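Colleague: Following this line is query25.txt, made up of compact mmCIF, C-alpha atoms:
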# COMPACT_ATOMS: atom_id res chain seq x y z
CA MET P 424 114.70 -146.96 -95.30
CA ASN P 425 114.96 -143.71 -93.33
CA ARG P 426 112.97 -141.94 -96.06
CA ASP P 427 110.09 -144.39 -95.70
CA LEU P 428 110.09 -143.98 -91.92
CA HIS P 429 109.80 -140.22 -92.23
CA ARG P 430 107.04 -140.43 -94.81
CA SER P 431 105.15 -142.91 -92.65
CA ASP P 432 105.56 -140.68 -89.59
CA LEU P 433 104.40 -137.63 -91.54
CA GLY P 434 101.33 -139.48 -92.80
CA ALA P 435 100.42 -140.66 -89.30
CA PHE P 436 100.88 -137.14 -87.97
CA LEU P 437 98.60 -135.60 -90.62
CA LYS P 438 95.96 -138.24 -90.02
CA ALA P 439 95.98 -137.59 -86.27
CA ARG P 440 95.65 -133.84 -86.77
CA ARG P 441 92.70 -134.04 -89.18
CA ALA P 442 90.93 -136.40 -86.76
CA GLU P 443 90.97 -133.62 -84.15
CA LEU P 444 89.22 -130.98 -86.25
CA ASP P 445 85.52 -130.21 -85.98
CA PRO P 446 84.06 -129.94 -89.51
CA ALA P 447 81.73 -127.16 -88.42
CA ALA P 448 84.63 -125.18 -86.99
CA VAL P 449 86.33 -125.04 -90.40
CA GLY P 450 83.14 -124.04 -92.19
CA LEU P 451 82.05 -127.42 -93.52
CA PRO P 452 78.36 -128.42 -93.46
CA VAL P 453 77.55 -131.28 -91.12
CA ALA P 454 74.57 -133.43 -92.03
CA GLY P 455 73.94 -136.61 -90.08
CA PRO P 456 76.42 -138.90 -88.32
CA ARG P 457 79.98 -139.27 -89.61
CA ARG P 458 81.85 -142.56 -89.75
CA VAL P 459 85.23 -141.00 -88.93
CA ALA P 460 86.32 -138.47 -86.34
CA GLY P 461 87.29 -135.04 -87.58
CA LEU P 462 87.75 -134.27 -91.26
CA ARG P 463 87.73 -136.74 -94.12
CA ARG P 464 90.70 -136.93 -96.46
CA GLU P 465 88.74 -135.38 -99.30
CA GLU P 466 87.70 -132.47 -97.07
CA VAL P 467 91.31 -131.72 -96.15
CA ALA P 468 92.22 -131.91 -99.82
CA VAL P 469 89.51 -129.44 -100.84
CA LEU P 470 90.46 -126.97 -98.10
CA ALA P 471 94.15 -127.26 -99.03
CA ALA P 472 93.40 -126.85 -102.77
CA ILE P 473 95.02 -130.17 -103.72
CA SER P 474 93.59 -133.34 -105.19
CA THR P 475 92.20 -136.06 -102.94
CA ASP P 476 94.50 -138.58 -104.62
CA TYR P 477 97.56 -136.41 -103.87
CA TYR P 478 96.60 -136.00 -100.23
CA SER P 479 95.77 -139.70 -99.86
CA ARG P 480 99.16 -140.71 -101.21
CA LEU P 481 100.82 -138.19 -98.91
CA GLU P 482 99.05 -139.58 -95.86
CA GLN P 483 99.93 -143.12 -96.96
CA GLY P 484 103.62 -142.22 -97.10
CA ARG P 485 103.88 -142.77 -100.87
CA ILE P 486 105.03 -139.29 -101.97
CA GLN P 487 107.05 -136.34 -100.75
CA ALA P 488 105.21 -133.11 -99.92
CA SER P 489 106.25 -129.84 -101.50
CA PRO P 490 106.77 -126.73 -99.32
CA PRO P 491 103.63 -124.95 -100.64
CA VAL P 492 101.52 -128.00 -99.87
CA LEU P 493 102.98 -128.24 -96.37
CA GLU P 494 102.20 -124.58 -95.75
CA SER P 495 98.63 -125.08 -96.95
CA LEU P 496 98.18 -128.16 -94.77
CA ALA P 497 99.56 -126.32 -91.74
CA ARG P 498 96.87 -123.70 -92.28
CA VAL P 499 94.03 -126.15 -92.90
CA LEU P 500 94.94 -128.40 -89.98
CA ARG P 501 95.45 -125.36 -87.74
CA LEU P 502 98.85 -126.49 -86.54
CA ASP P 503 100.45 -124.65 -83.65
CA ASP P 504 104.10 -123.59 -83.76
CA ASP P 505 105.47 -126.88 -82.35
CA GLN P 506 103.31 -128.97 -84.65
CA ARG P 507 104.38 -126.91 -87.66
CA VAL P 508 108.07 -127.32 -86.79
CA TYR P 509 107.60 -131.06 -86.32
CA MET P 510 105.81 -131.45 -89.65
CA TYR P 511 108.56 -129.59 -91.52
CA GLU P 512 111.22 -131.59 -89.65
CA LEU P 513 109.70 -134.83 -90.92
CA ALA P 514 109.26 -133.51 -94.45
CA ALA P 515 112.81 -132.11 -94.59
CA LYS P 516 114.30 -135.51 -93.78
CA ASP P 517 112.63 -137.22 -96.73
CA ASP P 518 115.89 -137.79 -98.60
CA TYR P 519 117.53 -141.01 -97.50
CA ARG P 520 120.26 -140.92 -94.88
CA PRO P 521 121.31 -143.67 -92.47
CA PRO P 522 119.77 -143.45 -88.98
CA ARG P 523 122.07 -141.44 -86.71
CA ARG P 524 123.72 -143.55 -84.05
CA ARG P 525 122.91 -141.72 -80.87
CA PRO P 526 124.87 -143.33 -78.01
CA HIS P 527 123.82 -143.10 -74.39
CA PRO P 528 124.82 -139.54 -73.39
CA LYS P 529 127.90 -139.03 -71.25
CA VAL P 530 128.20 -136.19 -68.76
CA GLN P 531 131.37 -134.13 -68.57
CA PRO P 532 132.81 -133.58 -65.05
CA GLN P 533 132.36 -129.81 -65.25
CA LEU P 534 128.63 -130.25 -65.84
CA GLN P 535 128.30 -132.45 -62.75
CA ARG P 536 130.29 -129.91 -60.71
CA MET P 537 127.92 -127.17 -61.84
CA LEU P 538 124.93 -129.24 -60.76
CA ASP P 539 126.49 -130.00 -57.39
CA ASN P 540 127.13 -126.29 -56.78
CA MET P 541 123.40 -125.56 -57.21
CA ALA P 542 122.68 -126.54 -53.61
CA LEU P 543 119.31 -124.74 -53.40
CA THR P 544 118.12 -125.49 -56.94
CA PRO P 545 116.83 -128.92 -58.01
CA ALA P 546 118.27 -129.91 -61.37
CA PHE P 547 118.87 -132.90 -63.59
CA VAL P 548 120.17 -133.51 -67.11
CA ILE P 549 117.97 -135.20 -69.66
CA GLY P 550 118.67 -136.64 -73.12
CA PRO P 551 116.40 -136.74 -76.18
CA ARG P 552 114.92 -140.13 -75.18
CA THR P 553 114.36 -138.69 -71.65
CA GLU P 554 117.49 -140.42 -70.34
CA ILE P 555 118.38 -139.02 -66.91
CA VAL P 556 122.16 -138.82 -67.12
CA ALA P 557 123.08 -136.48 -64.25
CA TRP P 558 121.44 -134.74 -61.27
CA ASN P 559 122.19 -132.94 -58.05
CA ALA P 560 121.24 -133.89 -54.50
CA LEU P 561 118.19 -131.64 -54.41
CA GLY P 562 116.97 -132.95 -57.75
CA ALA P 563 117.14 -136.48 -56.38
CA ALA P 564 115.41 -135.45 -53.16
CA MET P 565 112.59 -133.82 -55.11
CA ILE P 566 111.97 -136.53 -57.72
CA THR P 567 113.58 -139.86 -56.76
CA ASP P 568 116.98 -141.33 -55.94
CA PHE P 569 118.11 -141.66 -59.56
CA GLY P 570 121.32 -143.38 -58.48
CA LYS P 571 119.43 -146.49 -57.40
CA ILE P 572 117.89 -146.97 -60.85
CA PRO P 573 119.96 -149.03 -63.33
CA ASP P 574 121.50 -146.84 -66.00
CA GLN P 575 119.66 -148.53 -68.90
CA GLN P 576 116.30 -148.08 -67.15
CA ARG P 577 116.76 -144.49 -66.01
CA TYR P 578 114.34 -142.77 -68.38
CA TYR P 579 112.07 -140.00 -67.13
CA ILE P 580 109.15 -141.20 -69.25
CA ARG P 581 109.63 -144.73 -67.96
CA LEU P 582 109.49 -143.50 -64.37
CA LEU P 583 106.31 -141.55 -65.06
CA ILE P 584 104.62 -144.65 -66.46
CA THR P 585 105.92 -147.42 -64.20
CA ASP P 586 106.62 -145.83 -60.79
CA PRO P 587 103.46 -145.39 -58.66
CA ALA P 588 105.25 -142.76 -56.58
CA MET P 589 105.45 -140.49 -59.62
CA ARG P 590 101.67 -140.57 -59.97
CA GLU P 591 101.43 -139.35 -56.39
CA LEU P 592 104.19 -136.75 -56.78
CA TYR P 593 102.64 -134.86 -59.69
CA ALA P 594 99.24 -133.33 -58.95
CA ASP P 595 98.48 -133.35 -62.68
CA TRP P 596 100.19 -136.66 -63.49
CA GLU P 597 98.23 -137.13 -66.71
CA GLY P 598 99.09 -133.67 -68.01
CA VAL P 599 102.75 -134.08 -67.06
CA THR P 600 102.96 -137.50 -68.71
CA ARG P 601 101.21 -136.48 -71.92
CA LEU P 602 103.51 -133.47 -72.19
CA ALA P 603 106.57 -135.70 -71.66
CA ILE P 604 105.35 -138.03 -74.42
CA ALA P 605 104.79 -135.10 -76.78
CA GLN P 606 108.29 -133.81 -76.01
CA LEU P 607 109.76 -137.28 -76.52
CA ARG P 608 108.29 -137.40 -80.03
CA MET P 609 109.34 -133.83 -80.85
CA HIS P 610 112.94 -134.22 -79.72
CA ASN P 611 113.43 -137.39 -81.75
CA ALA P 612 111.90 -136.18 -85.02
CA ASP P 613 115.35 -135.97 -86.60
CA ASN P 614 116.22 -139.61 -85.97
CA PRO P 615 113.51 -142.08 -87.01
CA GLY P 616 114.47 -145.71 -86.77
CA ASP P 617 116.38 -145.16 -83.53
CA ALA P 618 116.53 -148.66 -82.04
CA LYS P 619 116.73 -147.56 -78.40
CA LEU P 620 113.73 -145.27 -78.75
CA ALA P 621 111.76 -148.00 -80.50
CA GLU P 622 112.62 -150.41 -77.70
CA LEU P 623 111.52 -147.92 -75.04
CA VAL P 624 108.25 -147.07 -76.80
CA GLY P 625 107.53 -150.73 -77.41
CA GLU P 626 108.14 -151.67 -73.78
CA LEU P 627 105.90 -148.92 -72.43
CA SER P 628 103.20 -149.56 -75.03
CA ILE P 629 102.97 -153.17 -73.85
CA GLN P 630 102.96 -152.25 -70.17
CA ASP P 631 100.49 -149.36 -70.21
CA THR P 632 97.40 -148.79 -72.34
CA GLN P 633 97.39 -145.06 -71.57
CA PHE P 634 100.92 -144.65 -72.89
CA ARG P 635 100.01 -146.59 -76.01
CA ARG P 636 97.00 -144.37 -76.66
CA TRP P 637 98.86 -141.11 -75.95
CA TRP P 638 101.82 -142.07 -78.12
CA ALA P 639 99.45 -142.91 -80.99
CA ALA P 640 97.87 -139.45 -80.66
CA GLN P 641 100.95 -137.97 -82.40
CA GLU P 642 101.11 -134.92 -80.14
CA VAL P 643 104.34 -132.88 -80.14
CA ALA P 644 105.77 -130.21 -77.85
CA THR P 645 109.11 -128.51 -77.37
CA ARG P 646 110.88 -129.00 -74.05
CA ASP P 647 111.43 -125.41 -72.96
CA THR P 648 109.69 -124.02 -69.87
CA GLY P 649 106.61 -124.47 -67.71
CA THR P 650 105.12 -124.79 -64.24
CA LYS P 651 104.33 -127.93 -62.26
CA HIS P 652 102.52 -128.68 -59.02
CA LEU P 653 104.24 -131.33 -56.90
CA ARG P 654 102.82 -133.01 -53.80
CA HIS P 655 106.07 -133.87 -52.07
CA PRO P 656 105.94 -136.48 -49.29
CA VAL P 657 108.40 -134.53 -47.10
CA VAL P 658 107.70 -130.81 -47.63
CA GLY P 659 104.17 -130.84 -49.04
CA ASP P 660 102.89 -128.84 -51.99
CA LEU P 661 105.43 -127.20 -54.29
CA HIS P 662 104.48 -124.94 -57.20
CA LEU P 663 107.65 -124.73 -59.25
CA ASP P 664 108.76 -123.21 -62.53
CA TRP P 665 111.04 -125.30 -64.72
CA ASN P 666 113.34 -124.33 -67.57
CA ALA P 667 115.25 -126.49 -70.04
CA VAL P 668 118.73 -125.17 -70.88
CA THR P 669 120.66 -126.81 -73.72
CA TRP P 670 124.21 -127.84 -72.85
CA ALA P 671 126.40 -126.31 -75.60
CA ALA P 672 129.06 -129.04 -75.38
CA ASP P 673 126.42 -131.65 -76.26
CA PRO P 674 123.23 -130.18 -77.81
CA ASP P 675 121.42 -133.49 -77.26
CA LEU P 676 121.47 -132.76 -73.51
CA GLN P 677 119.26 -130.34 -71.63
CA ILE P 678 119.57 -129.20 -68.02
CA ILE P 679 116.17 -129.07 -66.31
CA VAL P 680 116.26 -126.42 -63.58
CA TRP P 681 113.45 -125.93 -61.06
CA THR P 682 112.88 -122.66 -59.20
CA ALA P 683 110.28 -120.99 -57.00
CA GLU P 684 109.50 -117.31 -56.62
CA PRO P 685 111.24 -115.87 -53.52
CA GLY P 686 108.94 -115.20 -50.61
CA THR P 687 106.52 -117.99 -51.51
CA ALA P 688 105.73 -121.15 -49.58
CA SER P 689 107.27 -123.17 -52.39
CA HIS P 690 110.55 -121.25 -52.10
CA ASP P 691 110.61 -122.00 -48.38
CA GLY P 692 109.76 -125.61 -49.15
CA LEU P 693 112.77 -125.95 -51.44
CA ARG P 694 115.08 -124.58 -48.75
CA LEU P 695 113.60 -127.01 -46.24
CA LEU P 696 114.04 -129.87 -48.70
CA ALA P 697 117.66 -128.82 -49.30
CA SER P 698 118.33 -129.04 -45.56
CA TRP P 699 116.68 -132.44 -45.43
CA ALA P 700 118.64 -133.65 -48.45
CA ALA P 701 121.95 -132.57 -46.91
CA ASP P 702 121.80 -135.72 -44.82
CA PRO P 703 122.48 -138.61 -47.27
CA ALA P 704 120.61 -141.02 -44.97
CA HIS P 705 117.37 -139.28 -45.88
CA LEU P 706 117.55 -140.04 -49.61
CA ARG P 707 115.48 -143.04 -50.54
CA SER P 708 114.01 -144.33 -53.76
CA THR P 709 110.42 -144.09 -52.53
CA LEU P 710 110.35 -140.31 -53.00
Would you mind writing the structure in this file as C-alpha cells?
Modeller:
Amino acid sequence: MNRDLHRSDLGAFLKARRAELDPAAVGLPVAGPRRVAGLRREEVAVLAAISTDYYSRLEQGRIQASPPVLESLARVLRLDDDQRVYMYELAAKDDYRPPRRRPHPKVQPQLQRMLDNMALTPAFVIGPRTEIVAWNALGAAMITDFGKIPDQQRYYIRLLITDPAMRELYADWEGVTRLAIAQLRMHNADNPGDAKLAELVGELSIQDTQFRRWWAAQEVATRDTGTKHLRHPVVGDLHLDWNAVTWAADPDLQIIVWTAEPGTASHDGLRLLASWAADPAHLRSTL
C-alpha cells in the first residue's frame, strides 16, 4: 500500500540521519567503541522526549508520526530545510491513496520555441525522474547530443552514471552526481511506488556500486540553483551558474538554464560554443 511505502521511506530516512550524527556533538557521553554509527535509537528517543518503543516502531514503519514528534525529531536530527520538507512530505502522505500515474512528460511547442530562441544560453527541460524531454542546440553542444539517446533511456542521472564522457565533463563529477541523486529522491517524495522510478533506480543500483551506496544514503536536495565547473572538450573550462525554473503549464517540468557572468572567460566560452554549435555537423554524442 502507498501508506506502507511512505512509512517505510520515512523510517529509512530517519535511520540514515541518526547514523550521521556524532554523539559527542549532541552532548552525549562517549565511552569506548560503539557498534553502530551515529546515535542509537534509544538516544534519539531520549533527546526527542519520546519512548524508545515509540521511536523504534516509527523507524520500522509501523506507526504514523504526529506533528509534534516530527518537529522534535527534526531538531534532534539537525535536519536542514530540504531534509525537513522531505520528512514532512513523507509523513503527510501517510493516508492511503493510489500511486499517481505520472506519464512520460510531453513538451508543448511553445516551450521548444522558447528554448530554440535562447541561442546564447544552454538550456534543457527535465522531469521529476530526471527525464530530459527538451533542449536547445547550445544545451546539446554543452552536455551531449540528447537526440541520439533513445527516449526511454534519456535520463540525466542515467547519463551521469553510465556515460564516461560525463565523468570527464564535470570537474566535480561525484558532487554533481550525489546532488542529482538527492534531487531525484526529493522530487519524487510525493509519489512512492512509481514503477518507472523503481525501474530506473534498480537498473542503476545493479550497474554501479557508487549509485547504490549514494541512493541508500537517503540524502535529499531541492533542484533550484547552483554553480558547476565543466571541462568542455571544445571550449575548455566553463564556470557556469544554473537555475531551475518550473514550467507553469506542467509543474512536473523544470527548465534548467545555464549562464555565465558577462566579461568572464566562461561567458566568452559560451559564445564560442554557440558559434561552434551553429554548424549541425559539429554536434556529436561524444561531447
Colleague: Can you tell me, as a PyMOL selection string, what residues are no more than 9 Å from Lys619 of chain P when counting all atoms listed in the file, ignoring any on the same chain fewer than 3 positions away?
Modeller: chain P and resi 525+552+616+622-624
Colleague: Which is closest to Ser628 of chain P among P:Arg507, P:Arg581, P:Arg694, P:Arg485, if we use only C-alpha atoms?
Modeller: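 Residue with the minimum atom-to-atom distance to Ser628 of chain P: P:Arg581.
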Colleague: At a cut-off of 9 Å, using all atoms listed in the file, what residues contact segment 599-601 of chain P? Leave out same-chain residues fewer than 5 positions from it and give the result as an mmCIF file with C-alpha atoms, keeping the file's coordinate frame.
Modeller:
data_model
loop_
_atom_site.group_PDB
_atom_site.id
_atom_site.type_symbol
_atom_site.label_atom_id
_atom_site.label_comp_id
_atom_site.auth_asym_id
_atom_site.auth_seq_id
_atom_site.Cartn_x
_atom_site.Cartn_y
_atom_site.Cartn_z
ATOM 1 C CA ILE P 580 109.150 -141.200 -69.250
ATOM 2 C CA LEU P 583 106.310 -141.550 -65.060
ATOM 3 C CA ILE P 584 104.620 -144.650 -66.460
ATOM 4 C CA TYR P 593 102.640 -134.860 -59.690
ATOM 5 C CA ALA P 594 99.240 -133.330 -58.950
ATOM 6 C CA GLN P 606 108.290 -133.810 -76.010
ATOM 7 C CA PHE P 634 100.920 -144.650 -72.890
ATOM 8 C CA TRP P 637 98.860 -141.110 -75.950
ATOM 9 C CA TRP P 638 101.820 -142.070 -78.120
ATOM 10 C CA GLU P 642 101.110 -134.920 -80.140
ATOM 11 C CA LYS P 651 104.330 -127.930 -62.260
#
Colleague: Name the residues in contact with Ala672 of chain P at a cut-off of 10 Å, using all atoms listed in the file, excluding same-chain residues fewer than 5 positions from it; report them as a list in words.
Modeller: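 The residues that qualify are Val530, Gln531 and Leu534 of chain P.
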Colleague: Between P:Ala442, P:Val548, P:Ala564, P:Ala514, which one has atoms that come closest to Pro674 of chain P, using all atoms listed in the file?
Modeller: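 Going through P:Ala442, P:Val548, P:Ala564, P:Ala514 one by one, the smallest distance to Pro674 of chain P is for P:Val548.
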Colleague: Using all atoms listed in the file, what residues lie at most 6 Å away from (121.2, -132.4, -64.0) (file coordinates), given as a ChimeraX atom specification?
Modeller: /P:538,546-548,557-558,678
Colleague: Write out as number ranges by chain which residues come within 8 Å of Val668 of chain P when counting only C-alpha atoms, dropping same-chain ones fewer than 6 positions away.
Modeller: P: 647, 677-680
Colleague: Set out as JSON lines a contact list for segment 490-587 of chain P and segment 689-693 of chain P with a cut-off of 9 Å, giving each residue of segment 490-587 of chain P that qualifies its closest atom pair and distance in Å to one decimal, counting only C-alpha atoms, ordered by chain and rising residue number.
Modeller:
{"residue": "P:Leu543", "atom": "CA", "partner": "P:Leu693", "partner_atom": "CA", "distance": 6.9}
{"residue": "P:Thr544", "atom": "CA", "partner": "P:Leu693", "partner_atom": "CA", "distance": 7.7}
{"residue": "P:Pro545", "atom": "CA", "partner": "P:Leu693", "partner_atom": "CA", "distance": 8.3}
{"residue": "P:Leu561", "atom": "CA", "partner": "P:Leu693", "partner_atom": "CA", "distance": 8.4}
{"residue": "P:Met565", "atom": "CA", "partner": "P:Leu693", "partner_atom": "CA", "distance": 8.7}
Colleague: Near Asp586 of chain P, within 12 Å and counting only C-alpha atoms, which residues show up once chain neighbours fewer than 6 positions away are dropped, as a list in words?
Modeller: Ile566, Thr567, Ile572, Gln576, Arg577, Tyr578, Tyr579, Ile580, Leu592, Tyr593, Trp596, Gln630, Asp631, Ser708, Thr709 and Leu710 of chain P
